[in-house]
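A.B. asks: Before anything else, here's the structure in question.
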Amino acid sequence: MKSTTKEAGVAAPGKPFLMRVGIGLFALGMLAVLAVFIMFAAGLENLPIWLSVAAGVITPLGLLLGLIALVLEARAKSN
């Protein structure tokens, strides 16, 4: 008998588009946060404003989109 199992952490083809966008934005925002910390630790004081805005806006936006996608998926499965 063959049984197929789905590995955790692998994006399934059925994942909602909103979830994928949220994960991507969150990852991009975390890279911006990491860049800000590294630049600040290196002694740079005048950091680019676009980098600080990206770190402060994109990260929570990605988290919000991911949470919205999870709620929508849970509602769809419960109906």
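Just remember, in the structure tokens the first chain shown is A, the second B, etc., residues are 1-based per chain, and ligands are 1-based in the order shown.
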Env of A:Leu31: 12 Å cut, atoms = only C-alpha atoms, seq-sep filter 4 positions within chain, self excluded. Answer as a compact mmCIF listing (two decimals) with C-alpha atoms, in the first residue's frame.

C.D. replies:
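result-v8.txt, freshly written:
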```txt
# COMPACT_ATOMS: atom_id res chain seq x y z
CA GLY A 24 6.72 37.05 0.86
CA LEU A 25 6.08 40.51 2.27
CA PHE A 26 6.87 39.37 5.80
CA ALA A 27 10.16 37.81 4.66
CA ALA A 35 19.61 45.33 7.25
CA VAL A 36 18.65 48.23 9.53
CA PHE A 37 20.13 46.48 12.57
CA ILE A 38 23.34 45.58 10.74
CA LEU A 51 14.75 51.16 4.40
CA SER A 52 13.33 52.18 7.76
CA ALA A 54 10.14 49.14 4.60
CA ALA A 55 11.15 47.58 7.91
CA GLY A 56 8.31 49.28 9.76
CA ILE A 58 6.14 45.79 5.09
CA THR A 59 6.73 43.38 7.99
```

A.B. asks: Taking the DSSP secondary structure from the backbone, can you list the residues of chain A that are helix (DSSP H, G or I), as an MDAnalysis selection string?

C.D. replies: chainID A and resid 17:41 49:78

A.B. asks: Which neighbours of stretch 19-23 of chain A fall inside 6 Å, counting only C-alpha atoms, when residues of the same chain fewer than 6 positions from it are skipped, and could you give them as a PDB file with all heavy atoms, in the first residue's frame?

C.D. replies:
```
ATOM      1  N   GLY A  62       2.756  42.151   5.900  1.00  0.00           N
ATOM      2  CA  GLY A  62       2.838  40.740   5.540  1.00  0.00           C
ATOM      3  C   GLY A  62       2.204  39.848   6.594  1.00  0.00           C
ATOM      4  O   GLY A  62       1.508  38.884   6.278  1.00  0.00           O
ATOM      5  N   LEU A  65      -1.625  40.212   6.282  1.00  0.00           N
ATOM      6  CA  LEU A  65      -2.165  39.476   5.135  1.00  0.00           C
ATOM      7  C   LEU A  65      -2.166  37.973   5.391  1.00  0.00           C
ATOM      8  O   LEU A  65      -3.104  37.268   5.014  1.00  0.00           O
ATOM      9  CB  LEU A  65      -1.366  39.797   3.876  1.00  0.00           C
ATOM     10  CG  LEU A  65      -1.562  41.185   3.288  1.00  0.00           C
ATOM     11  CD1 LEU A  65      -0.650  41.389   2.082  1.00  0.00           C
ATOM     12  CD2 LEU A  65      -3.001  41.417   2.907  1.00  0.00           C
ATOM     13  N   GLY A  66      -1.115  37.478   6.023  1.00  0.00           N
ATOM     14  CA  GLY A  66      -1.064  36.054   6.362  1.00  0.00           C
ATOM     15  C   GLY A  66      -2.161  35.650   7.330  1.00  0.00           C
ATOM     16  O   GLY A  66      -2.791  34.603   7.180  1.00  0.00           O
ATOM     17  N   ALA A  69      -5.483  35.613   5.521  1.00  0.00           N
ATOM     18  CA  ALA A  69      -5.588  34.413   4.691  1.00  0.00           C
ATOM     19  C   ALA A  69      -5.914  33.186   5.541  1.00  0.00           C
ATOM     20  O   ALA A  69      -6.708  32.332   5.135  1.00  0.00           O
ATOM     21  CB  ALA A  69      -4.297  34.194   3.911  1.00  0.00           C
TER      22      ALA A  69
END
```

A.B. asks: Residues near A:Leu70, anyone? I mean within 12 Å using only C-alpha atoms, not counting same-chain ones fewer than 2 positions away, as a list in words.

C.D. replies: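 That gives Lys15, Pro16, Phe17, Leu18, Met19, Arg20, Gly22, Ile23, Leu63, Leu64, Leu65, Gly66, Leu67, Ile68, Leu72, Glu73, Ala74, Arg75, Ala76 and Lys77 of chain A.
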
A.B. asks: Work out how far atom CA of A:Pro60 is from atom CA of A:Asn46, in Å to one decimal.

C.D. replies: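 Distance between the two atoms: 23.3 Å.
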
A.B. asks: Separation of atom CA of A:Leu61 and atom CA of A:Gly29, in Å?

C.D. replies: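 Spanning atom CA of A:Leu61 to atom CA of A:Gly29 is a straight-line distance of 8.8 Å.
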